[in-house]
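J.: The file below is run-v1.tsv, TSV, C-alpha atoms:
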```tsv
chain	number	residue	atom	x	y	z
A	275	MET	CA	10.33	8.10	-38.72
A	276	THR	CA	7.55	7.22	-36.30
A	277	SER	CA	7.83	5.50	-32.96
A	278	THR	CA	5.51	3.64	-30.63
A	279	ARG	CA	8.07	3.80	-27.82
A	280	PRO	CA	6.65	5.23	-24.58
A	281	LEU	CA	7.63	8.80	-23.82
A	282	HIS	CA	9.20	9.27	-20.39
A	283	LEU	CA	8.97	12.55	-18.49
A	284	ALA	CA	10.65	13.63	-15.28
A	285	ALA	CA	11.06	16.95	-13.48
A	286	GLU	CA	13.36	18.57	-10.92
A	287	LEU	CA	11.87	19.69	-7.59
A	288	ALA	CA	14.66	21.51	-5.76
A	289	PRO	CA	14.40	25.29	-5.53
A	290	GLY	CA	17.06	27.20	-7.44
A	291	SER	CA	18.00	24.37	-9.82
A	292	GLY	CA	16.72	26.00	-12.99
A	293	PRO	CA	17.40	29.18	-14.95
A	294	ALA	CA	16.09	31.33	-12.10
A	295	ALA	CA	18.90	30.18	-9.81
A	296	PRO	CA	21.17	32.79	-8.21
A	297	GLY	CA	23.43	34.42	-10.77
A	298	SER	CA	20.92	34.18	-13.59
A	299	GLY	CA	19.82	37.77	-13.14
A	300	ARG	CA	16.29	36.70	-12.21
A	301	ALA	CA	14.51	36.06	-8.95
A	302	ALA	CA	15.07	32.65	-7.41
A	303	PRO	CA	12.14	30.65	-5.99
A	304	GLY	CA	11.39	30.78	-2.31
A	305	PRO	CA	12.76	28.45	0.39
A	306	GLU	CA	11.86	24.80	0.43
A	307	THR	CA	9.21	23.52	2.82
A	308	ALA	CA	7.61	20.12	3.19
A	309	ALA	CA	4.23	21.51	2.12
A	310	ARG	CA	5.72	23.07	-1.03
A	311	THR	CA	7.51	19.88	-2.08
A	312	VAL	CA	4.51	17.64	-1.42
A	313	ALA	CA	2.26	19.97	-3.42
A	314	LEU	CA	4.64	19.90	-6.39
A	315	ALA	CA	4.96	16.11	-6.20
A	316	ARG	CA	1.19	15.68	-6.20
A	317	LEU	CA	0.93	18.03	-9.18
A	318	ALA	CA	3.48	15.98	-11.12
A	319	GLU	CA	1.77	12.74	-10.12
A	320	ALA	CA	-1.60	13.98	-11.33
A	321	ALA	CA	0.06	14.69	-14.69
A	322	GLY	CA	1.50	11.15	-14.87
A	323	LEU	CA	5.21	12.01	-14.80
A	324	ASP	CA	7.53	9.02	-14.47
A	325	PHE	CA	9.66	10.44	-11.68
A	326	LEU	CA	10.85	13.51	-9.82
A	327	THR	CA	14.45	14.36	-9.05
A	328	HIS	CA	15.68	16.42	-6.13
A	329	ASP	CA	19.14	17.91	-6.54
A	330	ASP	CA	21.58	17.98	-3.65
A	331	SER	CA	25.21	18.88	-3.05
A	332	PHE	CA	27.65	19.38	-0.21
A	333	ALA	CA	28.70	22.58	-2.01
A	334	ARG	CA	25.58	24.54	-1.03
A	335	PRO	CA	23.15	24.69	1.89
A	336	GLY	CA	19.78	23.03	1.71
A	337	LEU	CA	17.71	20.10	2.88
A	338	ASP	CA	18.97	16.54	2.41
A	339	ALA	CA	17.38	15.18	-0.77
A	340	LEU	CA	16.89	11.66	0.58
A	341	ALA	CA	15.13	12.99	3.65
A	342	VAL	CA	12.94	15.33	1.58
A	343	LEU	CA	11.72	12.56	-0.71
A	344	ALA	CA	11.22	10.18	2.21
A	345	ARG	CA	8.83	12.84	3.51
A	346	VAL	CA	7.10	13.04	0.12
A	347	ALA	CA	6.76	9.25	-0.27
A	348	PRO	CA	3.76	8.65	2.02
A	349	GLU	CA	1.99	11.68	0.55
A	350	THR	CA	2.09	10.24	-3.00
A	351	ARG	CA	1.07	6.95	-4.58
A	352	SER	CA	2.60	6.57	-8.05
A	353	VAL	CA	5.28	9.03	-9.12
A	354	GLY	CA	8.92	7.92	-8.83
A	355	LEU	CA	11.24	9.64	-6.34
A	356	VAL	CA	14.92	10.12	-7.23
A	357	PRO	CA	17.17	12.09	-4.84
A	358	THR	CA	20.72	13.07	-5.74
A	359	VAL	CA	23.17	11.11	-3.57
A	360	THR	CA	26.85	11.94	-3.56
A	361	THR	CA	29.19	8.97	-3.32
A	362	THR	CA	32.43	10.82	-2.57
A	363	HIS	CA	32.29	11.49	1.18
A	364	THR	CA	29.64	8.95	2.20
A	365	GLU	CA	29.93	5.31	3.18
A	366	PRO	CA	28.64	2.98	0.43
A	367	PHE	CA	27.00	0.64	2.95
A	368	HIS	CA	25.00	3.50	4.47
A	369	VAL	CA	24.11	4.96	1.07
A	370	GLN	CA	22.60	1.72	-0.24
A	371	ALA	CA	20.69	1.17	2.98
A	372	ALA	CA	19.17	4.64	2.77
A	373	VAL	CA	18.14	4.19	-0.86
A	374	ALA	CA	16.69	0.75	-0.11
A	375	THR	CA	14.73	2.27	2.77
A	376	LEU	CA	13.30	4.92	0.44
A	377	ASP	CA	12.20	2.13	-1.89
A	378	TRP	CA	10.38	0.45	1.00
A	379	VAL	CA	8.80	3.70	2.22
A	380	SER	CA	7.59	4.52	-1.30
A	381	ARG	CA	6.53	0.92	-2.03
A	382	GLY	CA	8.84	0.50	-4.98
A	383	ARG	CA	9.12	4.00	-6.41
A	384	ALA	CA	12.69	4.92	-5.48
A	385	GLY	CA	15.73	5.68	-7.52
A	386	TRP	CA	18.96	7.55	-6.84
A	387	ARG	CA	20.90	9.99	-8.98
A	388	ILE	CA	24.57	9.32	-8.37
A	389	ASP	CA	26.84	12.35	-8.09
A	390	VAL	CA	30.38	13.16	-6.96
A	391	SER	CA	31.89	15.97	-4.88
A	392	PRO	CA	34.96	17.23	-6.76
A	393	THR	CA	35.82	20.45	-4.89
A	394	GLY	CA	38.32	21.07	-2.16
A	395	ALA	CA	35.70	22.99	-0.18
A	396	GLU	CA	33.51	19.90	-0.04
A	397	ALA	CA	36.46	17.74	1.00
A	398	ARG	CA	37.31	20.15	3.83
A	399	LEU	CA	33.81	19.72	5.28
A	400	PHE	CA	34.79	16.12	6.09
A	401	GLY	CA	38.55	16.31	6.52
A	402	ARG	CA	39.02	12.68	5.49
A	403	ARG	CA	40.98	13.16	2.29
A	404	PRO	CA	41.70	15.78	-0.38
A	405	ALA	CA	39.44	15.85	-3.41
A	406	PRO	CA	40.72	13.31	-5.97
A	407	PRO	CA	40.61	14.04	-9.73
A	408	THR	CA	37.09	13.94	-11.16
A	409	ALA	CA	37.81	10.85	-13.29
A	410	GLU	CA	38.78	8.92	-10.15
A	411	LEU	CA	35.64	10.08	-8.38
A	412	TRP	CA	33.43	8.74	-11.16
A	413	GLN	CA	35.30	5.43	-11.12
A	414	GLU	CA	34.63	5.26	-7.38
A	415	ALA	CA	30.98	6.16	-8.01
A	416	GLY	CA	30.73	3.21	-10.37
A	417	GLU	CA	32.08	0.93	-7.66
A	418	VAL	CA	29.51	2.31	-5.22
A	419	ALA	CA	26.78	1.52	-7.75
A	420	GLU	CA	28.15	-2.01	-8.15
A	421	VAL	CA	28.41	-2.78	-4.46
A	422	SER	CA	24.97	-1.26	-3.86
A	423	ARG	CA	23.45	-3.74	-6.31
A	424	LYS	CA	25.28	-6.56	-4.57
A	425	LEU	CA	24.03	-5.45	-1.16
A	426	TRP	CA	20.45	-5.08	-2.41
A	427	ASP	CA	20.77	-8.62	-3.74
A	428	SER	CA	22.38	-9.95	-0.55
A	429	TRP	CA	18.90	-10.72	0.79
A	430	GLU	CA	16.99	-13.11	-1.41
A	431	ASP	CA	13.40	-12.09	-2.04
A	432	ASP	CA	12.01	-14.73	0.33
A	433	ALA	CA	14.69	-14.43	3.02
A	434	GLU	CA	12.22	-13.05	5.56
A	435	ILE	CA	10.29	-15.70	7.51
A	436	ARG	CA	8.58	-13.59	10.22
A	437	ASP	CA	7.50	-16.73	12.11
A	438	ALA	CA	6.35	-15.53	15.52
A	439	ALA	CA	5.72	-19.08	16.74
A	440	THR	CA	9.36	-20.12	16.31
A	441	GLY	CA	10.89	-16.68	16.80
A	442	ARG	CA	12.58	-16.83	13.40
A	443	PHE	CA	12.66	-13.58	11.43
A	444	VAL	CA	14.97	-14.54	8.57
A	445	ASP	CA	16.32	-17.62	6.81
A	446	ARG	CA	20.06	-17.07	7.24
A	447	ARG	CA	20.79	-19.38	4.30
A	448	LYS	CA	19.26	-16.70	2.09
A	449	LEU	CA	21.52	-13.89	3.30
A	450	HIS	CA	24.84	-13.49	1.50
A	451	HIS	CA	28.16	-11.82	2.11
A	452	VAL	CA	29.14	-9.66	-0.88
A	453	ASN	CA	32.87	-9.44	-0.01
A	454	PHE	CA	33.46	-6.45	-2.30
A	455	GLN	CA	36.90	-4.85	-2.62
A	456	GLY	CA	37.06	-1.51	-4.42
A	457	ALA	CA	39.90	0.91	-4.99
A	458	THR	CA	39.02	3.04	-1.94
A	459	PHE	CA	36.69	0.90	0.19
A	460	SER	CA	35.66	-2.66	0.99
A	461	VAL	CA	32.30	-4.08	2.05
A	462	LYS	CA	31.57	-7.49	3.53
A	463	GLY	CA	27.76	-7.36	3.87
A	464	PRO	CA	25.04	-8.52	3.88
A	465	SER	CA	22.84	-5.44	4.00
A	466	ILE	CA	20.86	-4.53	7.10
A	467	VAL	CA	17.75	-3.79	4.97
A	468	PRO	CA	15.74	-6.55	3.24
A	469	ARG	CA	15.81	-6.67	-0.55
A	470	PRO	CA	13.95	-3.61	-1.89
A	471	PRO	CA	10.55	-3.99	-3.56
A	472	GLN	CA	12.09	-3.25	-6.97
A	473	GLY	CA	14.96	-5.65	-6.38
A	474	ASN	CA	17.31	-2.83	-7.32
A	475	PRO	CA	16.08	0.78	-7.05
A	476	VAL	CA	16.57	2.68	-10.32
A	477	THR	CA	20.07	4.09	-10.84
A	478	VAL	CA	20.24	7.47	-12.58
A	479	VAL	CA	23.45	9.14	-13.79
A	480	ASP	CA	23.71	12.68	-15.13
A	481	ALA	CA	26.10	12.25	-18.06
A	482	THR	CA	25.99	15.83	-19.30
A	483	ARG	CA	29.63	15.85	-18.15
A	484	PRO	CA	31.81	13.56	-20.30
A	485	ALA	CA	33.64	12.25	-17.20
A	486	ALA	CA	30.43	10.54	-16.07
A	487	ARG	CA	29.59	8.75	-19.32
A	488	GLU	CA	31.56	5.57	-18.77
A	489	THR	CA	29.97	5.13	-15.33
A	490	ALA	CA	26.57	5.84	-16.89
A	491	ALA	CA	27.01	3.26	-19.65
A	492	HIS	CA	28.19	0.65	-17.17
A	493	HIS	CA	25.77	1.15	-14.28
A	494	ALA	CA	22.81	3.45	-15.04
A	495	ASP	CA	19.22	2.49	-15.76
A	496	VAL	CA	18.48	6.10	-16.72
A	497	VAL	CA	21.01	8.53	-18.19
A	498	LEU	CA	20.47	12.28	-18.30
A	499	ILE	CA	22.17	14.09	-21.19
A	500	GLY	CA	22.46	17.60	-22.58
A	501	ALA	CA	22.35	18.41	-26.28
A	502	ALA	CA	21.64	21.44	-28.46
A	503	THR	CA	20.19	19.48	-31.40
A	504	ALA	CA	18.29	16.26	-31.97
A	505	GLU	CA	21.24	14.95	-33.98
A	506	GLU	CA	23.63	15.54	-31.09
A	507	ALA	CA	21.22	13.85	-28.67
A	508	ALA	CA	20.84	10.83	-30.98
A	509	ALA	CA	24.62	10.51	-31.23
A	510	LEU	CA	24.98	10.55	-27.44
A	511	ARG	CA	22.22	7.99	-27.06
A	512	ALA	CA	23.95	5.71	-29.59
A	513	GLU	CA	27.27	6.17	-27.75
A	514	LEU	CA	25.68	5.18	-24.44
A	515	HIS	CA	24.05	2.14	-26.05
A	516	ARG	CA	27.42	1.03	-27.44
A	517	GLY	CA	28.97	1.49	-24.01
A	518	ALA	CA	26.23	-0.52	-22.33
A	519	ARG	CA	26.64	-3.32	-24.86
A	520	ALA	CA	30.41	-3.34	-24.28
A	521	HIS	CA	29.72	-4.00	-20.59
A	522	GLY	CA	27.45	-6.92	-21.43
A	523	ARG	CA	24.26	-4.99	-20.79
A	524	ASP	CA	21.07	-4.88	-22.84
A	525	PRO	CA	20.77	-1.37	-24.34
A	526	GLY	CA	17.02	-1.94	-24.46
A	527	GLN	CA	17.07	-1.63	-20.66
A	528	LEU	CA	18.66	1.84	-20.75
A	529	ARG	CA	16.59	5.02	-20.84
A	530	VAL	CA	18.20	8.23	-22.13
A	531	LEU	CA	16.50	11.50	-21.16
A	532	LEU	CA	17.44	14.99	-22.30
A	533	THR	CA	17.70	17.54	-19.50
A	534	LEU	CA	15.83	20.65	-20.61
A	535	ALA	CA	15.65	23.97	-18.77
A	536	VAL	CA	12.07	25.25	-18.97
A	537	ASP	CA	10.88	28.82	-18.46
A	538	LEU	CA	7.28	28.97	-19.64
A	539	ASP	CA	7.09	32.64	-18.71
A	540	ALA	CA	9.66	33.46	-21.43
A	541	TYR	CA	9.68	30.32	-23.61
A	542	GLU	CA	8.94	31.22	-27.27
A	543	GLY	CA	5.65	29.56	-28.25
A	544	GLY	CA	4.87	28.52	-24.68
A	545	PRO	CA	3.51	25.10	-23.65
A	546	GLY	CA	2.40	24.20	-27.18
A	547	ALA	CA	5.84	24.75	-28.68
A	548	LEU	CA	7.38	22.73	-25.85
A	549	ALA	CA	4.99	19.85	-26.57
A	550	GLY	CA	5.98	19.97	-30.24
A	551	LEU	CA	9.70	19.88	-29.44
A	552	ILE	CA	9.30	16.96	-27.03
A	553	ALA	CA	7.14	14.97	-29.45
A	554	ASP	CA	9.43	15.61	-32.44
A	555	TRP	CA	12.66	14.63	-30.68
A	556	HIS	CA	11.08	11.54	-29.20
A	557	ARG	CA	9.38	10.48	-32.42
A	558	GLY	CA	12.67	10.80	-34.29
A	559	GLY	CA	14.46	8.48	-31.84
A	560	ALA	CA	16.83	11.11	-30.46
A	561	VAL	CA	15.88	10.42	-26.83
A	562	ASP	CA	13.56	8.28	-24.73
A	563	GLY	CA	12.19	11.27	-22.88
A	564	PHE	CA	12.91	14.54	-21.12
A	565	HIS	CA	14.04	15.65	-17.69
A	566	LEU	CA	12.60	19.12	-17.14
A	567	VAL	CA	14.32	21.67	-14.93
A	568	PRO	CA	11.74	24.42	-14.38
A	569	ALA	CA	12.89	27.98	-13.78
A	570	VAL	CA	10.21	28.41	-11.11
A	571	PRO	CA	8.72	25.00	-10.28
A	572	GLU	CA	5.51	26.37	-8.77
A	573	ARG	CA	4.76	28.21	-12.01
A	574	ASP	CA	6.38	26.17	-14.75
A	575	LEU	CA	5.55	22.69	-13.49
A	576	ALA	CA	1.93	23.77	-13.05
A	577	ARG	CA	1.72	25.10	-16.62
A	578	PHE	CA	3.52	22.05	-18.00
A	579	ALA	CA	1.10	19.71	-16.22
A	580	ALA	CA	-2.00	21.68	-17.19
A	581	GLU	CA	-1.13	22.64	-20.78
A	582	THR	CA	1.78	20.64	-22.23
A	583	VAL	CA	1.02	17.16	-20.87
A	584	PRO	CA	-2.54	17.03	-22.33
A	585	LEU	CA	-1.13	17.90	-25.76
A	586	LEU	CA	1.42	15.09	-25.50
A	587	ALA	CA	-1.26	12.64	-24.37
A	588	ASP	CA	-3.48	13.66	-27.28
A	589	ARG	CA	-0.63	13.02	-29.70
A	590	GLY	CA	-0.14	9.54	-28.31
A	591	PRO	CA	3.41	9.19	-26.95
A	592	PHE	CA	2.59	9.91	-23.28
A	593	ARG	CA	0.46	7.97	-20.80
A	594	THR	CA	-2.98	9.04	-19.69
A	595	ALA	CA	-2.74	6.94	-16.50
A	596	TYR	CA	-0.14	4.90	-14.62
A	597	GLU	CA	-0.32	1.25	-15.61
A	598	GLY	CA	2.08	-0.12	-13.02
A	599	THR	CA	2.99	0.60	-9.41
A	600	THR	CA	6.79	0.85	-9.35
A	601	LEU	CA	9.27	3.20	-10.96
A	602	ARG	CA	10.63	0.26	-12.96
A	603	ASP	CA	7.09	-0.32	-14.23
A	604	HIS	CA	6.83	3.29	-15.37
A	605	LEU	CA	10.14	3.08	-17.21
A	606	GLY	CA	9.57	-0.36	-18.73
A	607	LEU	CA	12.56	-1.83	-16.89
A	608	VAL	CA	12.60	-5.45	-15.74
A	609	ARG	CA	12.88	-6.28	-12.05
A	610	PRO	CA	16.24	-8.06	-11.65
A	611	GLY	CA	16.52	-11.22	-9.62
A	612	SER	CA	19.09	-11.55	-6.85
A	613	GLN	CA	22.46	-12.37	-8.35
A	614	TYR	CA	23.13	-14.69	-5.41
A	615	ALA	CA	19.91	-16.67	-5.22
A	616	ALA	CA	20.30	-19.40	-7.87
A	617	GLY	CA	23.99	-20.02	-7.19
A	618	ALA	CA	23.46	-20.22	-3.45
A	619	ARG	CA	20.74	-22.83	-3.76
A	620	ALA	CA	22.79	-24.86	-6.22
A	621	ARG	CA	25.74	-24.92	-3.81
A	622	THR	CA	23.78	-25.72	-0.64
A	623	GLY	CA	20.95	-27.80	-2.05
A	624	ALA	CA	18.49	-25.56	-0.17
A	625	GLY	CA	14.92	-25.40	-1.39
A	626	ALA	CA	13.22	-22.26	-2.65
```
Before anything else, please render the file you have as structure tokens.

T.:
Amino acid sequence: MTSTRPLHLAAELAPGSGPAAPGSGRAAPGPETAARTVALARLAEAAGLDFLTHDDSFARPGLDALAVLARVAPETRSVGLVPTVTTTHTEPFHVQAAVATLDWVSRGRAGWRIDVSPTGAEARLFGRRPAPPTAELWQEAGEVAEVSRKLWDSWEDDAEIRDAATGRFVDRRKLHHVNFQGATFSVKGPSIVPRPPQGNPVTVVDATRPAARETAAHHADVVLIGAATAEEAAALRAELHRGARAHGRDPGQLRVLLTLAVDLDAYEGGPGALAGLIADWHRGGAVDGFHLVPAVPERDLARFAAETVPLLADRGPFRTAYEGTTLRDHLGLVRPGSQYAAGARARTGAGA
């Protein structure tokens, strides 16, 4: 089976996320600095990767992923930026505003990888409530994703006037209350940030854990999976497509990427074998791409960019240059219109 589908590639930036993390019996990478992260992001951008993730958790110390990638944004031009954002102990209104701001700072290259905080230790950091069961946390995460889309849409694309002569900044007819009621929170809206450049920043869900798969099928633009064989990956991809269709979504607007730990210092066959595996799984339709978690990013991402990516470009499935400007462009995802715009104009009779 051959495929002309684009191959999508992403990579993790955070130190200690890969096989060289503490407990693996091998040395972990050094501490994170702004210069280190910017250098890695530029390396990935030069190789044409779709996006970079930055893991984050209340369970361990480290820099805030949103803040890190906001620092990277002005130092890069094309690569997508996707921080992990936990939805368990954060306010949905503030979360969506921060992600929308990252989309503005990066000029349309932002996404967010939704995660939950299931441990009692994380709950005690906040003291607001005990940690609910994981299934409930993922249901809540889905509601956060839903209300975030509503808030991003609460400003129509042309709501800003910026008319200095009249002192009018915004057309209030084109701002909308979302009036969302979830199981654990409610939001009136509208947002305090204008509609992001992408309309909706890209939503990523790591569905390697079964508890997250329903939320992924319902809300994600990109789903990360784990699988030991191409057949297992293909089955998971088909399951996610069925779930998306059941929620009235177009499975053609869902990208499924296999998360793959990469250690090119020990990997049998090295960069060439990795290129062959990626090309074969993609060509066979098992996945839409790969999310690489390098053991030592400074070493493995550099070798992947210099040695594996050219082989994939030569074989045809991977880009040789960015053709668009936004993360949605890179992923082949449409830019959604505001869910409130057409209905609001029909009700009020307001012009465009």

J.: Is there a way to get, as a VMD selection string, all residues within 10 Å of the point (9.4, 23.4, -25.2) in file coordinates, counting all atoms listed in the file?

T.: chain A and resid 534 to 538 541 to 553 566 578 582

J.: With only C-alpha atoms as the basis for distance, which of A:Leu287, A:Val496, A:Val421, A:Val467 is at the shortest distance from Val479 (chain A)?

T.: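 Of A:Leu287, A:Val496, A:Val421, A:Val467, the one nearest Val479 (chain A), counting only C-alpha atoms, is A:Val496.
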
J.: With only C-alpha atoms as the atoms that count, which of A:Arg446, A:Arg381, A:Arg398, A:Arg279 lies nearest to Ala560 (chain A)?

T.: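 Closest residue, counting only C-alpha atoms: A:Arg279.
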
J.: Which is closest to Ile466 (chain A) among A:His565, A:Arg557, A:Arg310, A:His450, if we use only C-alpha atoms?

T.: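 So, comparing all the options, the nearest one is A:His450.
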
J.: Which one is closest to Gly385 (chain A): A:Pro407, A:Gly322, A:Pro464, A:Pro475? Count only C-alpha atoms.

T.: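 Looking only at the distances to Gly385 (chain A), the closest residue turns out to be A:Pro475.
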
J.: Separation of CA of Ala509 (chain A) and CA of Val497 (chain A), in Å?

T.: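 Computing it gives 13.7 Å between the two atoms.
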
J.: Would you list the contacts of region 323-330 of chain A as an NGL selection string, taking every protein, DNA or RNA residue within 6 Å and counting only C-alpha atoms, but skipping same-chain residues closer than 3 positions in sequence?

T.: :A and (283-288 or 318-319 or 339 or 353-358 or 604)

J.: So which residues touch Gly606 (chain A) within 10 Å, counting only C-alpha atoms, skipping near sequence neighbours fewer than 6 positions away, as a VMD selection string?

T.: chain A and resid 280 282 526 to 529 598 600

J.: Store the residues picked out above, limited to C-alpha atoms, as a PDB file, keeping the file's coordinate frame.

T.:
```pdb
ATOM      1  CA  PRO A 280       6.650   5.230 -24.580  1.00  0.00           C
ATOM      2  CA  HIS A 282       9.200   9.270 -20.390  1.00  0.00           C
ATOM      3  CA  GLY A 526      17.020  -1.940 -24.460  1.00  0.00           C
ATOM      4  CA  GLN A 527      17.070  -1.630 -20.660  1.00  0.00           C
ATOM      5  CA  LEU A 528      18.660   1.840 -20.750  1.00  0.00           C
ATOM      6  CA  ARG A 529      16.590   5.020 -20.840  1.00  0.00           C
ATOM      7  CA  GLY A 598       2.080  -0.120 -13.020  1.00  0.00           C
ATOM      8  CA  THR A 600       6.790   0.850  -9.350  1.00  0.00           C
TER       9      THR A 600
END
```

J.: Which polymer residues, protein or nucleic acid, are no farther than 9 Å from (35.7, 12.4, -17.0), counting all atoms listed in the file, as a ChimeraX atom specification?

T.: /A:407-412,483-488

J.: Report, as AutoDock Vina command-line options, the centre and edge lengths in Å (one decimal) of the axis-aligned box enclosing every listed atom of region 397-402 of chain A, padded by 6 Å on each side.

T.:
```
--center_x 36.4 --center_y 16.4 --center_z 3.8 --size_x 17.2 --size_y 19.5 --size_z 17.5
```

J.: What is the distance between CA of Val476 (chain A) and CA of Arg387 (chain A), in Å to one decimal?

T.: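 Interatomic distance, CA of Val476 (chain A) to CA of Arg387 (chain A): 8.6 Å.
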
J.: Where atoms are missing, can you supply all heavy atoms for region 409-416 of chain A and output the lot as a PDB file, keeping the file's coordinate frame?

T.:
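Done, and the output landed in selection.pdb:
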```pdb
ATOM      1  N   ALA A 409      37.889  12.177 -12.665  1.00  0.00           N
ATOM      2  CA  ALA A 409      37.810  10.850 -13.290  1.00  0.00           C
ATOM      3  C   ALA A 409      37.863   9.744 -12.244  1.00  0.00           C
ATOM      4  O   ALA A 409      37.143   8.739 -12.346  1.00  0.00           O
ATOM      5  CB  ALA A 409      38.942  10.685 -14.309  1.00  0.00           C
ATOM      6  N   GLU A 410      38.696   9.920 -11.213  1.00  0.00           N
ATOM      7  CA  GLU A 410      38.780   8.920 -10.150  1.00  0.00           C
ATOM      8  C   GLU A 410      37.489   8.869  -9.332  1.00  0.00           C
ATOM      9  O   GLU A 410      37.043   7.798  -8.898  1.00  0.00           O
ATOM     10  CB  GLU A 410      39.964   9.214  -9.241  1.00  0.00           C
ATOM     11  CG  GLU A 410      41.328   9.025  -9.909  1.00  0.00           C
ATOM     12  CD  GLU A 410      42.472   9.284  -8.957  1.00  0.00           C
ATOM     13  OE1 GLU A 410      42.247   9.271  -7.720  1.00  0.00           O
ATOM     14  OE2 GLU A 410      43.588   9.515  -9.439  1.00  0.00           O
ATOM     15  N   LEU A 411      36.886  10.043  -9.135  1.00  0.00           N
ATOM     16  CA  LEU A 411      35.640  10.080  -8.380  1.00  0.00           C
ATOM     17  C   LEU A 411      34.526   9.333  -9.096  1.00  0.00           C
ATOM     18  O   LEU A 411      33.715   8.650  -8.460  1.00  0.00           O
ATOM     19  CB  LEU A 411      35.219  11.533  -8.139  1.00  0.00           C
ATOM     20  CG  LEU A 411      36.105  12.354  -7.202  1.00  0.00           C
ATOM     21  CD1 LEU A 411      35.554  13.765  -7.062  1.00  0.00           C
ATOM     22  CD2 LEU A 411      36.215  11.691  -5.833  1.00  0.00           C
ATOM     23  N   TRP A 412      34.471   9.455 -10.417  1.00  0.00           N
ATOM     24  CA  TRP A 412      33.430   8.740 -11.160  1.00  0.00           C
ATOM     25  C   TRP A 412      33.711   7.241 -11.217  1.00  0.00           C
ATOM     26  O   TRP A 412      32.786   6.429 -11.238  1.00  0.00           O
ATOM     27  CB  TRP A 412      33.257   9.331 -12.560  1.00  0.00           C
ATOM     28  CG  TRP A 412      32.369  10.527 -12.505  1.00  0.00           C
ATOM     29  CD1 TRP A 412      32.715  11.840 -12.662  1.00  0.00           C
ATOM     30  CD2 TRP A 412      30.961  10.530 -12.222  1.00  0.00           C
ATOM     31  NE1 TRP A 412      31.617  12.653 -12.503  1.00  0.00           N
ATOM     32  CE2 TRP A 412      30.527  11.876 -12.234  1.00  0.00           C
ATOM     33  CE3 TRP A 412      30.021   9.533 -11.966  1.00  0.00           C
ATOM     34  CZ2 TRP A 412      29.197  12.233 -12.000  1.00  0.00           C
ATOM     35  CZ3 TRP A 412      28.703   9.885 -11.728  1.00  0.00           C
ATOM     36  CH2 TRP A 412      28.302  11.216 -11.746  1.00  0.00           C
ATOM     37  N   GLN A 413      34.989   6.864 -11.216  1.00  0.00           N
ATOM     38  CA  GLN A 413      35.300   5.430 -11.120  1.00  0.00           C
ATOM     39  C   GLN A 413      34.849   4.889  -9.774  1.00  0.00           C
ATOM     40  O   GLN A 413      34.249   3.803  -9.680  1.00  0.00           O
ATOM     41  CB  GLN A 413      36.803   5.204 -11.294  1.00  0.00           C
ATOM     42  CG  GLN A 413      37.203   3.730 -11.202  1.00  0.00           C
ATOM     43  CD  GLN A 413      38.708   3.525 -11.368  1.00  0.00           C
ATOM     44  OE1 GLN A 413      39.448   4.461 -11.667  1.00  0.00           O
ATOM     45  NE2 GLN A 413      39.153   2.298 -11.169  1.00  0.00           N
ATOM     46  N   GLU A 414      35.089   5.660  -8.711  1.00  0.00           N
ATOM     47  CA  GLU A 414      34.630   5.260  -7.380  1.00  0.00           C
ATOM     48  C   GLU A 414      33.106   5.203  -7.331  1.00  0.00           C
ATOM     49  O   GLU A 414      32.532   4.279  -6.742  1.00  0.00           O
ATOM     50  CB  GLU A 414      35.158   6.255  -6.354  1.00  0.00           C
ATOM     51  CG  GLU A 414      34.740   5.962  -4.916  1.00  0.00           C
ATOM     52  CD  GLU A 414      35.250   7.014  -3.962  1.00  0.00           C
ATOM     53  OE1 GLU A 414      34.765   8.176  -4.038  1.00  0.00           O
ATOM     54  OE2 GLU A 414      36.125   6.685  -3.143  1.00  0.00           O
ATOM     55  N   ALA A 415      32.446   6.165  -7.973  1.00  0.00           N
ATOM     56  CA  ALA A 415      30.980   6.160  -8.010  1.00  0.00           C
ATOM     57  C   ALA A 415      30.450   4.898  -8.677  1.00  0.00           C
ATOM     58  O   ALA A 415      29.438   4.332  -8.245  1.00  0.00           O
ATOM     59  CB  ALA A 415      30.480   7.405  -8.739  1.00  0.00           C
ATOM     60  N   GLY A 416      31.128   4.460  -9.722  1.00  0.00           N
ATOM     61  CA  GLY A 416      30.730   3.210 -10.370  1.00  0.00           C
ATOM     62  C   GLY A 416      30.874   2.026  -9.435  1.00  0.00           C
ATOM     63  O   GLY A 416      30.025   1.115  -9.434  1.00  0.00           O
TER      64      GLY A 416
END
```
